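Below is the file work_10.txt, which contains compact mmCIF, C-alpha atoms.
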```
# COMPACT_ATOMS: atom_id res chain seq x y z
CA MET D 1 21.88 0.93 -8.86
CA ARG D 2 19.48 2.57 -11.23
CA ARG D 3 17.97 -0.85 -11.91
CA ALA D 4 17.40 -1.54 -8.21
CA TRP D 5 15.88 1.88 -7.81
CA ARG D 6 13.53 1.36 -10.70
CA ARG D 7 12.54 -2.17 -9.72
CA CYS D 8 11.61 -1.15 -6.21
CA TRP D 9 9.64 1.82 -7.41
CA ALA D 10 7.87 0.00 -10.16
CA GLY D 11 6.77 -2.58 -7.61
CA ASN D 12 8.49 -5.47 -9.34
CA VAL D 13 10.11 -6.48 -6.10
CA GLU D 14 7.37 -7.70 -3.83
CA LEU D 15 7.89 -7.27 -0.16
CA LYS D 16 6.05 -10.53 0.32
CA GLU D 17 8.78 -12.34 -1.60
CA THR D 18 11.45 -11.41 0.90
CA ARG D 19 12.67 -13.96 3.42
CA PHE D 20 12.26 -11.44 6.20
CA TYR D 21 8.56 -11.05 5.43
CA GLN D 22 7.90 -14.73 4.95
CA GLU D 23 9.59 -15.83 8.15
CA VAL D 24 7.93 -13.31 10.40
CA PHE D 25 4.57 -13.79 8.69
CA ALA D 26 4.88 -17.56 9.26
CA LYS D 27 5.60 -16.95 12.93
CA GLY D 28 2.35 -15.01 13.21
CA GLN D 29 0.49 -17.79 11.44
CA ARG D 30 1.84 -20.41 13.80
CA GLU D 31 1.02 -18.37 16.91
CA GLU D 32 -2.54 -18.00 15.66
CA ARG D 33 -2.95 -21.70 14.91
CA LEU D 34 -1.87 -22.55 18.44
CA ARG D 35 -4.08 -19.88 19.97
CA ILE D 36 -7.25 -20.94 18.15
CA ALA D 37 -6.52 -24.64 18.68
CA ARG D 38 -6.12 -24.02 22.42
CA SER D 39 -9.44 -22.19 22.54
CA LEU D 40 -11.17 -25.11 20.81
CA LEU D 41 -9.72 -27.96 22.85
CA ASP D 42 -12.87 -28.25 24.95
CA VAL D 43 -15.17 -27.87 21.97
CA ILE D 44 -13.62 -30.28 19.48
CA ALA D 45 -12.72 -33.55 21.14
CA ASP D 46 -11.43 -35.22 17.99
CA ASP D 47 -7.68 -34.49 17.73
CA ARG D 48 -7.56 -35.29 14.05
CA LEU D 49 -10.42 -32.95 13.22
CA LEU D 50 -8.96 -30.14 15.32
CA ALA D 51 -5.57 -30.64 13.68
CA GLU D 52 -7.13 -30.60 10.22
CA LYS D 53 -9.07 -27.39 10.85
CA THR D 54 -6.25 -25.46 12.52
CA GLY D 55 -3.37 -26.61 10.33
CA LEU D 56 -1.50 -28.19 13.24
CA SER D 57 -0.32 -31.79 13.37
CA GLU D 58 -2.15 -34.30 15.53
CA ALA D 59 0.91 -34.57 17.72
CA GLU D 60 0.82 -30.82 18.30
CA VAL D 61 -2.85 -30.96 19.25
CA GLN D 62 -2.14 -33.82 21.64
CA ALA D 63 0.67 -31.80 23.17
CA LEU D 64 -1.71 -28.88 23.66
CA ARG D 65 -4.18 -31.19 25.40
CA ALA D 66 -1.47 -32.51 27.65
CA GLN D 67 -0.46 -28.93 28.51
CA GLN D 68 -4.07 -28.08 29.24
CA HIS D 69 -4.47 -31.05 31.57
CA SER D 70 -1.26 -30.32 33.42
CA GLY D 71 -2.28 -26.66 33.67
CA ARG D 72 -5.59 -27.65 35.20
CA ALA D 73 -3.87 -30.00 37.58
CA ASP D 74 -1.48 -27.22 38.58
CA SER D 75 -4.32 -24.82 39.27
CA LEU D 76 -6.10 -27.45 41.40
CA LEU D 77 -2.95 -27.93 43.44
CA ARG D 78 -2.52 -24.20 44.02
CA MET W 1 -29.70 34.27 -24.64
CA LYS W 2 -28.28 30.87 -25.29
CA THR W 3 -25.29 30.91 -27.58
CA ASP W 4 -23.41 27.63 -27.10
CA LYS W 5 -25.56 25.55 -29.34
CA GLN W 6 -25.62 28.06 -32.13
CA ILE W 7 -21.89 28.69 -32.09
CA HIS W 8 -21.27 24.96 -32.16
CA LEU W 9 -23.55 24.73 -35.15
CA LEU W 10 -21.62 27.52 -36.87
CA LEU W 11 -18.30 25.88 -36.06
CA GLY W 12 -19.56 22.73 -37.73
CA THR W 13 -20.28 24.46 -40.98
CA GLY W 14 -16.73 24.24 -42.26
CA ALA W 15 -13.07 25.17 -42.00
CA ASP W 16 -13.62 28.87 -42.69
CA ALA W 17 -16.13 29.29 -39.89
CA PHE W 18 -13.83 27.36 -37.64
CA ARG W 19 -10.91 29.65 -38.51
CA PHE W 20 -13.04 32.71 -38.02
CA LEU W 21 -14.56 31.73 -34.70
CA THR W 22 -11.39 30.35 -33.19
CA SER W 23 -9.37 33.36 -34.22
CA GLY W 24 -7.18 31.63 -36.70
CA ILE W 25 -7.02 27.85 -36.20
CA GLU W 26 -6.72 26.31 -39.64
CA LEU W 27 -8.15 22.82 -39.90
CA PRO W 28 -5.94 20.64 -42.09
CA GLY W 29 -8.87 18.70 -43.57
CA PRO W 30 -12.53 17.87 -43.01
CA TYR W 31 -13.74 17.68 -39.43
CA ARG W 32 -16.91 16.46 -37.87
CA GLY W 33 -18.26 18.10 -34.78
CA ARG W 34 -20.18 15.95 -32.33
CA SER W 35 -21.29 15.83 -28.80
CA VAL W 36 -19.38 13.25 -26.77
CA ALA W 37 -20.48 11.89 -23.42
CA PHE W 38 -17.44 10.99 -21.26
CA LYS W 39 -19.00 8.15 -19.36
CA GLU W 40 -15.79 6.77 -17.92
CA LEU W 41 -14.74 9.87 -16.06
CA GLU W 42 -14.58 8.34 -12.63
CA ARG W 43 -10.88 8.69 -11.92
CA ARG W 44 -8.70 8.15 -8.90
CA ALA W 45 -5.76 10.51 -8.46
CA ASP W 46 -2.65 9.13 -6.74
CA ARG W 47 -2.98 11.69 -3.98
CA VAL W 48 -4.82 14.96 -3.51
CA PHE W 49 -3.47 17.22 -0.80
CA GLU W 50 -6.08 19.60 0.50
CA PRO W 51 -5.50 22.24 3.19
CA GLU W 52 -7.17 21.12 6.39
CA SER W 53 -8.20 24.67 7.17
CA GLY W 54 -9.68 25.14 3.72
CA GLU W 55 -7.26 28.03 3.18
CA GLY W 56 -4.59 27.62 0.52
CA PRO W 57 -4.31 25.70 -2.72
CA THR W 58 -4.94 22.01 -3.26
CA TYR W 59 -2.25 19.87 -4.87
CA ILE W 60 -2.87 16.79 -6.97
CA ILE W 61 0.27 14.70 -7.10
CA GLU W 62 1.04 11.89 -9.49
CA ILE W 63 4.11 9.74 -8.99
CA GLN W 64 5.61 8.29 -12.16
CA ALA W 65 8.33 5.66 -11.95
CA GLN W 66 8.37 4.64 -15.58
CA ARG W 67 7.46 6.20 -18.86
CA GLY W 68 3.74 5.69 -19.30
CA GLY W 69 2.87 8.12 -22.08
CA ASP W 70 -0.22 9.71 -20.57
CA VAL W 71 0.61 11.03 -17.12
CA TYR W 72 0.02 14.66 -18.06
CA ASP W 73 -3.27 13.74 -19.75
CA ARG W 74 -4.41 12.04 -16.57
CA LEU W 75 -3.31 14.94 -14.42
CA VAL W 76 -5.09 17.49 -16.56
CA LEU W 77 -8.23 15.39 -16.41
CA GLU W 78 -7.96 15.19 -12.63
CA LEU W 79 -7.45 18.94 -12.39
CA VAL W 80 -10.53 19.55 -14.48
CA LEU W 81 -12.65 17.13 -12.49
CA TYR W 82 -11.41 18.54 -9.19
CA ARG W 83 -12.13 22.10 -10.25
CA LYS W 84 -15.60 21.07 -11.31
CA ALA W 85 -16.26 19.46 -7.93
CA HIS W 86 -14.69 22.36 -5.98
CA PRO W 87 -15.41 25.56 -7.87
CA GLY W 88 -13.44 28.53 -6.64
CA ARG W 89 -10.70 26.48 -4.97
CA ALA W 90 -7.16 26.92 -6.30
CA VAL W 91 -5.71 23.61 -7.42
CA TYR W 92 -2.32 22.66 -8.84
CA GLY W 93 -1.14 19.45 -10.43
CA LEU W 94 2.35 18.06 -10.13
CA VAL W 95 4.09 14.97 -11.47
CA ILE W 96 7.01 13.60 -9.50
CA PHE W 97 9.17 11.53 -11.82
CA LEU W 98 11.76 9.11 -10.60
CA ASP W 99 14.19 10.76 -13.00
CA ALA W 100 14.10 12.73 -16.24
CA GLY W 101 14.03 9.49 -18.23
CA CYS W 102 10.48 8.86 -17.05
CA ASP W 103 9.22 12.25 -18.25
CA GLU W 104 7.05 12.65 -21.34
CA PRO W 105 8.51 15.58 -23.29
CA ASP W 106 6.27 14.91 -26.29
CA SER W 107 3.10 15.49 -24.30
CA PRO W 108 0.97 18.35 -25.65
CA TRP W 109 0.78 19.72 -22.09
CA VAL W 110 4.52 20.33 -21.79
CA ASP W 111 4.29 23.94 -22.95
CA SER W 112 1.72 24.63 -20.24
CA LEU W 113 3.94 23.39 -17.45
CA GLY W 114 4.69 26.08 -14.92
CA THR W 115 2.33 28.61 -16.42
CA GLY W 116 -0.96 27.67 -14.74
CA PRO W 117 -2.40 24.84 -12.70
CA LEU W 118 0.15 22.39 -14.14
CA LEU W 119 3.36 22.82 -12.17
CA ARG W 120 6.79 22.01 -13.53
CA PRO W 121 7.61 18.35 -12.91
CA VAL W 122 10.00 17.23 -10.24
CA TYR W 123 12.76 14.67 -10.80
CA LEU W 124 13.36 12.81 -7.61
CA ASP W 125 16.96 11.85 -8.32
CA ALA W 126 17.83 15.53 -8.76
CA VAL W 127 15.95 16.44 -5.59
CA LEU W 128 17.95 13.91 -3.64
CA ALA W 129 21.24 14.99 -5.20
CA LYS W 130 20.53 18.59 -4.24
CA ALA W 131 19.49 17.57 -0.74
CA ARG W 132 22.76 15.71 -0.26
CA GLU W 133 24.57 19.02 -0.75
CA ARG W 134 22.22 21.34 1.06
CA GLU W 135 20.59 19.22 3.77
CA PRO W 136 22.80 16.16 4.26
CA ASP W 137 21.10 15.32 7.57
CA HIS W 138 17.59 15.35 6.22
CA PRO W 139 15.83 12.16 7.38
CA LEU W 140 14.38 11.49 3.93
CA LEU W 141 17.91 10.99 2.61
CA ALA W 142 18.23 8.18 5.14
CA VAL W 143 14.94 6.70 3.98
CA PHE W 144 16.08 6.58 0.35
CA LEU W 145 19.48 5.11 1.18
CA PRO W 146 18.52 1.50 0.26
CA LEU W 147 17.64 2.68 -3.24
CA LEU W 148 20.68 4.85 -3.80
CA VAL W 149 23.85 3.02 -2.85
CA ASP W 150 25.42 -0.33 -3.62
CA GLU W 151 25.19 -3.23 -1.21
CA ARG W 152 28.56 -2.69 0.39
CA GLU W 153 27.93 0.97 1.06
CA LEU W 154 24.43 0.16 2.23
CA ALA W 155 25.75 -2.33 4.78
CA GLY W 156 28.10 0.35 6.09
CA ARG W 157 25.63 3.21 6.21
CA ALA W 158 22.34 1.48 7.05
CA PRO W 159 22.90 1.35 10.84
CA ALA W 160 23.39 5.12 11.02
CA ALA W 161 20.35 5.67 8.80
CA TRP W 162 18.27 3.39 11.03
CA ARG W 163 19.40 5.19 14.17
CA ARG W 164 18.67 8.54 12.56
CA LEU W 165 15.15 7.46 11.68
CA GLU W 166 14.52 5.73 14.97
CA SER W 167 15.45 8.89 16.86
CA LEU W 168 12.73 10.91 15.17
CA THR W 169 9.87 11.85 17.40
CA GLU W 170 7.75 13.93 15.05
CA PRO W 171 4.24 12.67 14.27
CA GLY W 172 4.34 10.36 11.28
CA SER W 173 8.02 9.55 11.67
CA LYS W 174 7.23 5.84 12.02
CA VAL W 175 6.24 5.89 8.37
CA LEU W 176 9.78 6.88 7.46
CA LEU W 177 11.15 3.96 9.42
CA ASP W 178 8.68 1.53 7.83
CA VAL W 179 9.47 2.70 4.30
CA PHE W 180 13.20 2.48 4.96
CA LEU W 181 12.86 -1.04 6.32
CA SER W 182 10.63 -2.21 3.48
CA TRP W 183 13.13 -0.96 0.87
CA LEU W 184 15.97 -2.50 2.83
CA MET W 185 14.16 -5.85 2.89
CA GLU W 186 13.56 -5.63 -0.82
CA ARG W 187 17.23 -4.90 -1.48
CA HIS W 188 18.14 -7.92 0.64
CA LYS W 189 15.48 -10.31 -0.47
CA GLY W 190 17.35 -13.39 0.69
CA ARG W 191 18.14 -12.26 4.23
CA ASN W 192 16.02 -13.25 7.19
CA PHE W 193 14.90 -10.80 9.83
CA GLU W 194 17.73 -11.62 12.22
CA GLU W 195 20.29 -10.90 9.52
CA ILE W 196 18.63 -7.61 8.63
CA MET W 197 18.48 -6.52 12.25
CA ARG W 198 22.09 -7.58 12.74
CA MET W 199 23.05 -5.52 9.72
CA LEU W 200 21.27 -2.56 11.28
CA GLN W 201 23.01 -3.25 14.60
CA VAL W 202 19.63 -3.08 16.31
CA LEU W 203 19.93 -3.66 20.03
CA THR W 204 16.19 -3.76 20.67
CA PRO W 205 14.97 -7.37 20.88
CA LEU W 206 13.49 -8.35 17.52
CA GLU W 207 10.09 -9.10 18.99
CA GLU W 208 9.83 -5.55 20.25
CA THR W 209 10.46 -3.82 16.93
CA VAL W 210 7.45 -2.26 15.24
CA ALA W 211 8.19 -3.94 11.91
CA TYR W 212 8.31 -7.36 13.49
CA GLN W 213 5.09 -6.88 15.43
CA GLN W 214 3.26 -5.58 12.38
CA LEU W 215 4.28 -8.56 10.28
CA VAL W 216 3.41 -11.07 12.99
CA GLY W 217 0.03 -9.36 13.29
CA ILE W 218 -0.60 -9.74 9.57
CA GLY W 219 0.31 -13.43 9.74
CA LYS W 220 -2.06 -13.94 12.68
CA GLN W 221 -4.94 -12.21 10.98
CA LYS W 222 -4.56 -14.14 7.73
CA GLU W 223 -4.30 -17.45 9.54
CA ALA W 224 -7.31 -16.71 11.73
CA GLN W 225 -9.30 -16.06 8.53
CA VAL W 226 -8.16 -19.35 7.01
CA ILE W 227 -9.03 -21.39 10.12
CA LEU W 228 -12.36 -19.68 10.62
CA ARG W 229 -13.35 -20.29 7.02
CA LYS W 230 -12.72 -24.00 7.48
CA LEU W 231 -14.64 -24.12 10.76
CA LEU W 232 -17.57 -22.13 9.40
CA ALA W 233 -17.77 -24.26 6.27
CA ARG W 234 -17.94 -27.39 8.40
CA ARG W 235 -20.57 -25.97 10.73
CA PHE W 236 -22.77 -24.04 8.27
CA GLY W 237 -21.79 -25.26 4.81
CA MET W 238 -20.53 -23.11 1.96
CA LEU W 239 -20.08 -19.49 2.94
CA PRO W 240 -22.12 -16.80 1.19
CA PRO W 241 -20.22 -13.79 -0.21
CA TRP W 242 -21.38 -11.47 2.59
CA ALA W 243 -19.84 -13.80 5.17
CA VAL W 244 -16.57 -14.03 3.25
CA ALA W 245 -16.50 -10.23 3.10
CA ARG W 246 -17.04 -9.99 6.86
CA LEU W 247 -14.15 -12.35 7.51
CA GLU W 248 -11.86 -10.35 5.26
CA GLU W 249 -12.69 -7.11 7.02
CA ALA W 250 -12.44 -8.43 10.57
CA GLU W 251 -9.56 -7.82 12.97
CA THR W 252 -7.80 -10.79 14.55
CA ALA W 253 -9.52 -10.41 17.94
CA GLN W 254 -12.93 -10.51 16.29
CA LEU W 255 -12.00 -13.58 14.25
CA GLU W 256 -10.83 -15.32 17.40
CA ALA W 257 -14.06 -14.46 19.20
CA TRP W 258 -16.10 -15.91 16.33
CA ALA W 259 -13.98 -19.08 16.32
CA GLU W 260 -14.63 -19.59 20.03
CA ALA W 261 -18.36 -19.00 19.69
CA ILE W 262 -18.87 -21.03 16.54
CA PHE W 263 -20.44 -24.09 18.13
CA ASP W 264 -22.80 -22.08 20.32
CA ALA W 265 -24.25 -20.09 17.43
CA ALA W 266 -27.52 -21.21 15.88
CA SER W 267 -26.79 -19.73 12.50
CA LEU W 268 -24.12 -18.00 10.46
CA GLU W 269 -26.14 -14.78 10.66
CA ALA W 270 -26.34 -15.01 14.44
CA LEU W 271 -22.61 -15.61 14.75
CA LEU W 272 -21.34 -12.95 12.39
CA GLY W 273 -24.09 -10.50 13.26
CA ARG W 274 -25.54 -9.85 9.91
```
Structure re-expressed in structure tokens:
Amino acid sequence: MRRAWRRCWAGNVELKETRFYQEVFAKGQREERLRIARSLLDVIADDRLLAEKTGLSEAEVQALRAQQHSGRADSLLR
Amino acid sequence: MKTDKQIHLLLGTGADAFRFLTSGIELPGPYRGRSVAFKELERRADRVFEPESGEGPTYIIEIQAQRGGDVYDRLVLELVLYRKAHPGRAVYGLVIFLDAGCDEPDSPWVDSLGTGPLLRPVYLDAVLAKAREREPDHPLLAVFLPLLVDERELAGRAPAAWRRLESLTEPGSKVLLDVFLSWLMERHKGRNFEEIMRMLQVLTPLEETVAYQQLVGIGKQKEAQVILRKLLARRFGMLPPWAVARLEEAETAQLEAWAEAIFDAASLEALLGR
């Protein structure tokens, strides 16, 4: 126990190394990629370029475009 | 009448003058007196606690988790510098050691401990042991639980500790919860957040917990910086240091706003508002 106590205090165990941290951090990263990609759909027409800059796959960018189109269609129908 | 310079000159004349003027200090051999400029005196104390009202003493606290060999030297230096910057204000220095094994009993300052501005050191393990007897419900005992018990006991007692800390309403109590959770995560490096929350028997949806939201927020901010760097480099070329600094300081909402405006801006300066 003394070892655990010392390691934590001496900062040898990095919070960033824990699975908890990494998983939740990655979730935030992904949410942000999607958010910024969505905001740039009208500005960057090239799916490959948008994917490259936001860290998403091309398929994910295409899916976002499809969602955007269907969203627009929905709002026109309303 | 100025005396410092002359007395220093006299002191430098030899061991006898030194003995005479210092009321008995015998120099064991030849000494050389010289003026020394301490150019590297800019120091940062771990934490200085000053009374908000200005009334009452100031405390400089150093935390020592391993034997370093110079903690008392550093503290004395900080006390001196603080007193120089705040003449007339009472100031005390204290080292909080993880346990007695981290202390430095050979330090020349040990004899001064508890007799002046240097307070007697505190050993945290002893503090916690005493608290377990005298104040078993103290919330800080719950905070330290992940560092004090084995994994099996921790699994059994962590839910109660979490509930105890979550029930606190005093200002600053969220810090206790955050520290507890961070130590718990470090003890269970391999567990994901769902497993940790299950262990704590947390009924609140994960997404609503403060710890979860804070971590997601950090992930968002870091990713927004990464994406914006790539977009800016494509639009304006290599980023100058001032622009990199602005990105690192910016909150997520600001980064998102810059990303959306990037293709309307005429220049990097216009976009980031230099």
Expressed in Å to a single decimal, how great is the separation between atom CA of W:Thr209 and atom CA of D:Gln29?
18.0 Å
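Note that the spacing between atom CA of W:Pro57 and atom CA of W:Lys174 amounts to 27.3 Å.
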I need the chain W residues near chain D as a PyMOL selection string; criterion: at most 8 Å, counting only C-alpha atoms.
chain W and resi 65-66+98+147-150+182-183+185-193+196+212+215-224+227+230-231+256+259-260+263
Could you work out how far atom CA of W:Leu79 lies from atom CA of W:Leu119, giving the answer in Å with one decimal?
11.5 Å
Selection: 7 Å around W:Asp125, all atoms listed in the file, excl. self and same-chain fewer than 3 positions, as a PyMOL selection string
chain W and resi 98-99+128-129
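Distance annotation: of W:Ala17, W:Leu200, W:Val244, W:Val122, the residue with the minimal separation from W:Cys102 is W:Val122; atom set is only C-alpha atoms.
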Please provide the set of residues having any atom within 10 Å of W:Asp137, restricted to only C-alpha atoms, with same-chain residues fewer than 6 positions apart removed, written as JSON, numbers by chain.
{"W": [131, 161, 164]}
Spatial neighbours of W:Glu50, 9 Å, all atoms listed in the file, chain gap at least 3 places, as a count of residues only
9
Of W:Arg32, W:Pro87, W:Leu124, W:Arg19, the one sitting nearest W:Ile63 when using all atoms listed in the file is W:Leu124
Residues around (-3.6, -31.6, 26.0), cut-off 12 Å, counting only C-alpha atoms - what are they as a VMD selection string?
chain D and resid 34 37 to 42 45 to 47 58 to 73
Under the rule that all atoms listed in the file are counted, which of W:Ala142, W:Leu21, W:Leu268, W:Leu27 is the nearest residue to W:Leu228?
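Of W:Ala142, W:Leu21, W:Leu268, W:Leu27, the one nearest W:Leu228 is W:Leu268, counting all atoms listed in the file.
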